[in-house]
$ cat query_6.cif   # mmCIF, C-alpha atoms
data_target
loop_
_atom_site.label_atom_id
_atom_site.label_comp_id
_atom_site.auth_asym_id
_atom_site.auth_seq_id
_atom_site.Cartn_x
_atom_site.Cartn_y
_atom_site.Cartn_z
CA MET P 362 215.10 -16.23 -106.99
CA VAL P 363 212.50 -16.16 -109.79
CA THR P 364 214.43 -18.75 -111.79
CA LYS P 365 214.52 -21.08 -108.78
CA TYR P 366 210.75 -20.67 -108.39
CA TYR P 367 210.14 -21.52 -112.06
CA LYS P 368 212.43 -24.56 -111.89
CA SER P 369 210.50 -25.74 -108.85
CA LEU P 370 207.20 -25.09 -110.62
CA VAL P 371 208.30 -27.00 -113.72
CA ILE P 372 209.42 -29.95 -111.61
CA SER P 373 206.13 -29.89 -109.71
CA LEU P 374 204.16 -29.83 -112.98
CA PHE P 375 206.18 -32.72 -114.33
CA ILE P 376 205.56 -34.77 -111.19
CA ALA P 377 201.84 -33.94 -111.23
CA ALA P 378 201.55 -34.91 -114.90
CA PHE P 379 203.36 -38.17 -114.24
CA LEU P 380 201.16 -38.98 -111.23
CA PHE P 381 198.00 -38.16 -113.17
CA LYS P 382 198.98 -40.26 -116.17
CA SER P 383 200.03 -43.24 -114.09
CA ALA P 384 196.88 -43.02 -111.94
CA VAL P 385 194.59 -43.01 -114.99
CA ILE P 386 196.48 -45.90 -116.55
CA SER P 387 196.28 -47.80 -113.26
CA CYS P 388 192.52 -47.27 -113.03
CA VAL P 389 191.95 -48.36 -116.64
CA ILE P 390 194.15 -51.43 -116.19
CA GLN P 391 192.32 -52.47 -113.03
CA VAL P 392 188.96 -52.32 -114.75
CA SER P 393 190.19 -53.93 -117.96
CA GLN P 394 191.88 -56.79 -116.10
CA ALA P 395 188.50 -58.30 -115.45
CA PRO P 396 188.28 -61.45 -117.51
CA ALA P 397 186.54 -61.05 -120.83
CA VAL P 398 183.77 -63.63 -120.87
CA ARG P 399 182.15 -64.79 -124.06
CA TRP P 400 178.75 -65.36 -122.52
CA GLU P 401 177.29 -66.64 -125.78
CA ALA P 402 179.71 -69.62 -125.55
CA LEU P 403 177.73 -70.82 -122.52
CA ASN P 404 174.65 -71.68 -124.61
CA LEU P 405 172.41 -69.26 -122.74
CA THR P 406 168.66 -69.50 -122.84
CA GLU P 407 166.77 -66.47 -124.11
CA ALA P 408 165.84 -65.50 -120.54
CA GLN P 409 169.47 -65.77 -119.42
CA ARG P 410 170.67 -63.77 -122.42
CA ILE P 411 168.20 -60.97 -121.60
CA GLN P 412 169.34 -60.92 -117.95
CA ILE P 413 173.03 -60.79 -118.97
CA ILE P 414 172.31 -57.92 -121.38
CA ALA P 415 170.44 -56.03 -118.66
CA LEU P 416 173.34 -56.53 -116.24
CA ASP P 417 175.82 -55.38 -118.91
CA THR P 418 173.76 -52.25 -119.52
CA GLU P 419 173.61 -51.53 -115.79
CA TRP P 420 177.39 -52.03 -115.51
CA GLN P 421 178.08 -49.71 -118.43
CA LYS P 422 176.03 -46.94 -116.82
CA THR P 423 177.57 -47.40 -113.38
CA SER P 424 181.15 -47.69 -114.61
CA ALA P 425 180.78 -44.70 -116.94
CA LYS P 426 179.55 -42.51 -114.06
CA LEU P 427 182.33 -43.58 -111.72
CA MET P 428 185.06 -43.37 -114.37
CA SER P 429 183.86 -39.89 -115.25
CA LYS P 430 184.13 -38.83 -111.59
CA ILE P 431 187.54 -40.44 -111.23
CA ILE P 432 188.94 -38.80 -114.35
CA CYS P 433 187.52 -35.41 -113.38
CA ASP P 434 188.93 -35.67 -109.86
CA LYS P 435 192.32 -36.73 -111.19
CA LYS P 436 192.43 -33.72 -113.47
CA GLN P 437 191.57 -31.52 -110.51
CA LEU P 438 194.24 -33.26 -108.41
CA LYS P 439 196.80 -32.57 -111.10
CA THR P 440 195.97 -28.87 -110.88
CA LEU P 441 195.89 -28.78 -107.09
CA LEU P 442 199.22 -30.55 -106.67
CA THR P 443 201.05 -27.62 -108.20
CA ASN P 444 198.99 -24.85 -106.64
CA PRO P 445 200.99 -23.30 -103.80
CA PHE P 446 197.83 -21.94 -102.14
CA ILE P 447 196.08 -25.29 -101.68
CA SER P 448 196.48 -27.06 -98.36
CA ASP P 449 197.74 -30.61 -98.04
CA THR P 450 194.42 -31.55 -96.45
CA VAL P 451 192.46 -30.56 -99.56
CA ILE P 452 194.81 -32.61 -101.75
CA LYS P 453 194.62 -35.62 -99.44
CA ASN P 454 190.82 -35.43 -99.31
CA LEU P 455 190.62 -35.36 -103.09
CA GLN P 456 193.03 -38.30 -103.33
CA ASN P 457 190.91 -40.21 -100.81
CA ARG P 458 187.79 -39.51 -102.90
CA ILE P 459 189.56 -40.86 -105.98
CA LEU P 460 190.63 -43.99 -104.12
CA ALA P 461 187.10 -44.48 -102.76
CA ASN P 462 185.59 -44.23 -106.24
CA GLN P 463 188.18 -46.68 -107.60
CA LYS P 464 187.25 -49.06 -104.79
CA LYS P 465 183.55 -48.65 -105.65
CA LEU P 466 184.32 -49.37 -109.29
CA ARG P 467 186.08 -52.63 -108.41
CA TYR P 468 183.25 -53.56 -106.02
CA TYR P 469 180.56 -52.94 -108.66
CA ALA P 470 182.56 -54.90 -111.23
CA MET P 471 182.66 -57.90 -108.89
CA GLU P 472 178.99 -57.54 -107.97
CA ASN P 473 178.06 -57.39 -111.65
CA PHE P 474 180.04 -60.53 -112.40
CA LEU P 475 178.50 -62.37 -109.46
CA GLN P 476 174.99 -61.35 -110.57
CA LYS P 477 175.71 -62.74 -114.02
CA ARG P 478 177.06 -65.93 -112.48
CA LYS P 479 173.82 -66.36 -110.51
CA VAL P 480 171.92 -66.47 -113.80
CA LEU P 481 173.87 -69.55 -114.91
CA THR P 482 173.09 -73.20 -114.29
CA PHE P 483 175.58 -75.45 -112.51
CA TRP P 484 176.86 -76.81 -115.84
CA GLN P 485 177.23 -73.35 -117.31
CA ARG P 486 179.21 -72.31 -114.23
CA GLN P 487 181.51 -75.26 -114.75
CA LYS P 488 182.02 -74.27 -118.37
CA LEU P 489 182.64 -70.66 -117.28
CA HIS P 490 185.27 -71.88 -114.85
CA GLY P 491 186.97 -73.78 -117.66
CA MET P 492 186.85 -70.73 -119.93
CA LEU P 493 188.44 -68.46 -117.32
CA SER P 494 191.01 -70.98 -116.10
CA ILE P 495 192.76 -71.22 -119.45
#
$ encode --input "query_6.cif" --output "structure tokens"
Amino acid sequence: MVTKYYKSLVISLFIAAFLFKSAVISCVIQVSQAPAVRWEALNLTEAQRIQIIALDTEWQKTSAKLMSKIICDKKQLKTLLTNPFISDTVIKNLQNRILANQKKLRYYAMENFLQKRKVLTFWQRQKLHGMLSI
């Protein structure tokens, strides 16, 4: 009976570790799939350069906060998945919070990009399109 319990516990831990690892990798991939833009290649004016730097700084702060929450929640989820005393509702709520924060992260990434794009002139936007289309 005890051996069966430990086998079940080991399998549950393995599944939780796999889910946690794949979820973190998925989150990192989603964020890193955003196209890397070499803004300096767009011949920015000084005012534009300052605005882009400010937007980058804002993005770094926002993304760091959200990624921190996501990673912390995923660690907690890993622990809760194998805890026999935790209800399914608690686990589902935590998973929903993780998904909501991932959605926020993608939303803020898009908003940040669009704010940067607003800074550009028509010709710079055309050049940006060419850079990202390759």
$ resolve_selection --input "query_6.cif" --expression "the PyMOL selection byres ((chain P and resi 448-455) around 12)" --output "JSON, numbers by chain"
{"P": [377, 430, 431, 432, 433, 434, 435, 436, 437, 438, 439, 440, 441, 442, 443, 444, 445, 446, 447, 456, 457, 458, 459, 460, 461, 462]}
$ resolve_selection --input "query_6.cif" --expression "the PyMOL selection byres ((chain P and resi 492) around 12)" --output "PyMOL selection string"
chain P and resi 396-403+485-491+493-495
$ write_last_selection --input "query_6.cif" --atoms "C-alpha atoms" --output "mmCIF file, in the coordinates of the input"
data_model
loop_
_atom_site.group_PDB
_atom_site.id
_atom_site.type_symbol
_atom_site.label_atom_id
_atom_site.label_comp_id
_atom_site.auth_asym_id
_atom_site.auth_seq_id
_atom_site.Cartn_x
_atom_site.Cartn_y
_atom_site.Cartn_z
ATOM 1 C CA PRO P 396 188.280 -61.450 -117.510
ATOM 2 C CA ALA P 397 186.540 -61.050 -120.830
ATOM 3 C CA VAL P 398 183.770 -63.630 -120.870
ATOM 4 C CA ARG P 399 182.150 -64.790 -124.060
ATOM 5 C CA TRP P 400 178.750 -65.360 -122.520
ATOM 6 C CA GLU P 401 177.290 -66.640 -125.780
ATOM 7 C CA ALA P 402 179.710 -69.620 -125.550
ATOM 8 C CA LEU P 403 177.730 -70.820 -122.520
ATOM 9 C CA GLN P 485 177.230 -73.350 -117.310
ATOM 10 C CA ARG P 486 179.210 -72.310 -114.230
ATOM 11 C CA GLN P 487 181.510 -75.260 -114.750
ATOM 12 C CA LYS P 488 182.020 -74.270 -118.370
ATOM 13 C CA LEU P 489 182.640 -70.660 -117.280
ATOM 14 C CA HIS P 490 185.270 -71.880 -114.850
ATOM 15 C CA GLY P 491 186.970 -73.780 -117.660
ATOM 16 C CA LEU P 493 188.440 -68.460 -117.320
ATOM 17 C CA SER P 494 191.010 -70.980 -116.100
ATOM 18 C CA ILE P 495 192.760 -71.220 -119.450
#
$ residues_around --input "query_6.cif" --residues "Val480 in chain P" --least-positions-apart "5" --cutoff "8 Å" --atoms "only C-alpha atoms" --output "short mmCIF file (atom, residue, chain, number, x, y, z; two decimals) with C-alpha atoms, in the frame of the given file"
data_model
loop_
_atom_site.label_atom_id
_atom_site.label_comp_id
_atom_site.auth_asym_id
_atom_site.auth_seq_id
_atom_site.Cartn_x
_atom_site.Cartn_y
_atom_site.Cartn_z
CA GLN P 409 169.47 -65.77 -119.42
CA GLN P 412 169.34 -60.92 -117.95
CA ILE P 413 173.03 -60.79 -118.97
#
$ closest_residue --input "query_6.cif" --among "P:Ile411, P:Leu416, P:Leu427, P:Leu405" --to "Gln476 in chain P" --atoms "only C-alpha atoms"
P:Leu416
$ axis_aligned_box --input "query_6.cif" --around "range 443-447 of chain P" --padding-each-side "8 Å" --output "JSON"
{"center_x": 198.6, "center_y": -24.8, "center_z": -104.9, "size_x": 21.0, "size_y": 21.7, "size_z": 22.5}
$ atom_distance --input "query_6.cif" --atom1 "CA of Leu466 in chain P" --atom2 "CA of Phe483 in chain P"
27.7 Å
$ closest_residue --input "query_6.cif" --among "P:Asn473, P:Trp484, P:Arg478, P:Asn404" --to "Gln421 in chain P" --atoms "all atoms listed in the file"
P:Asn473
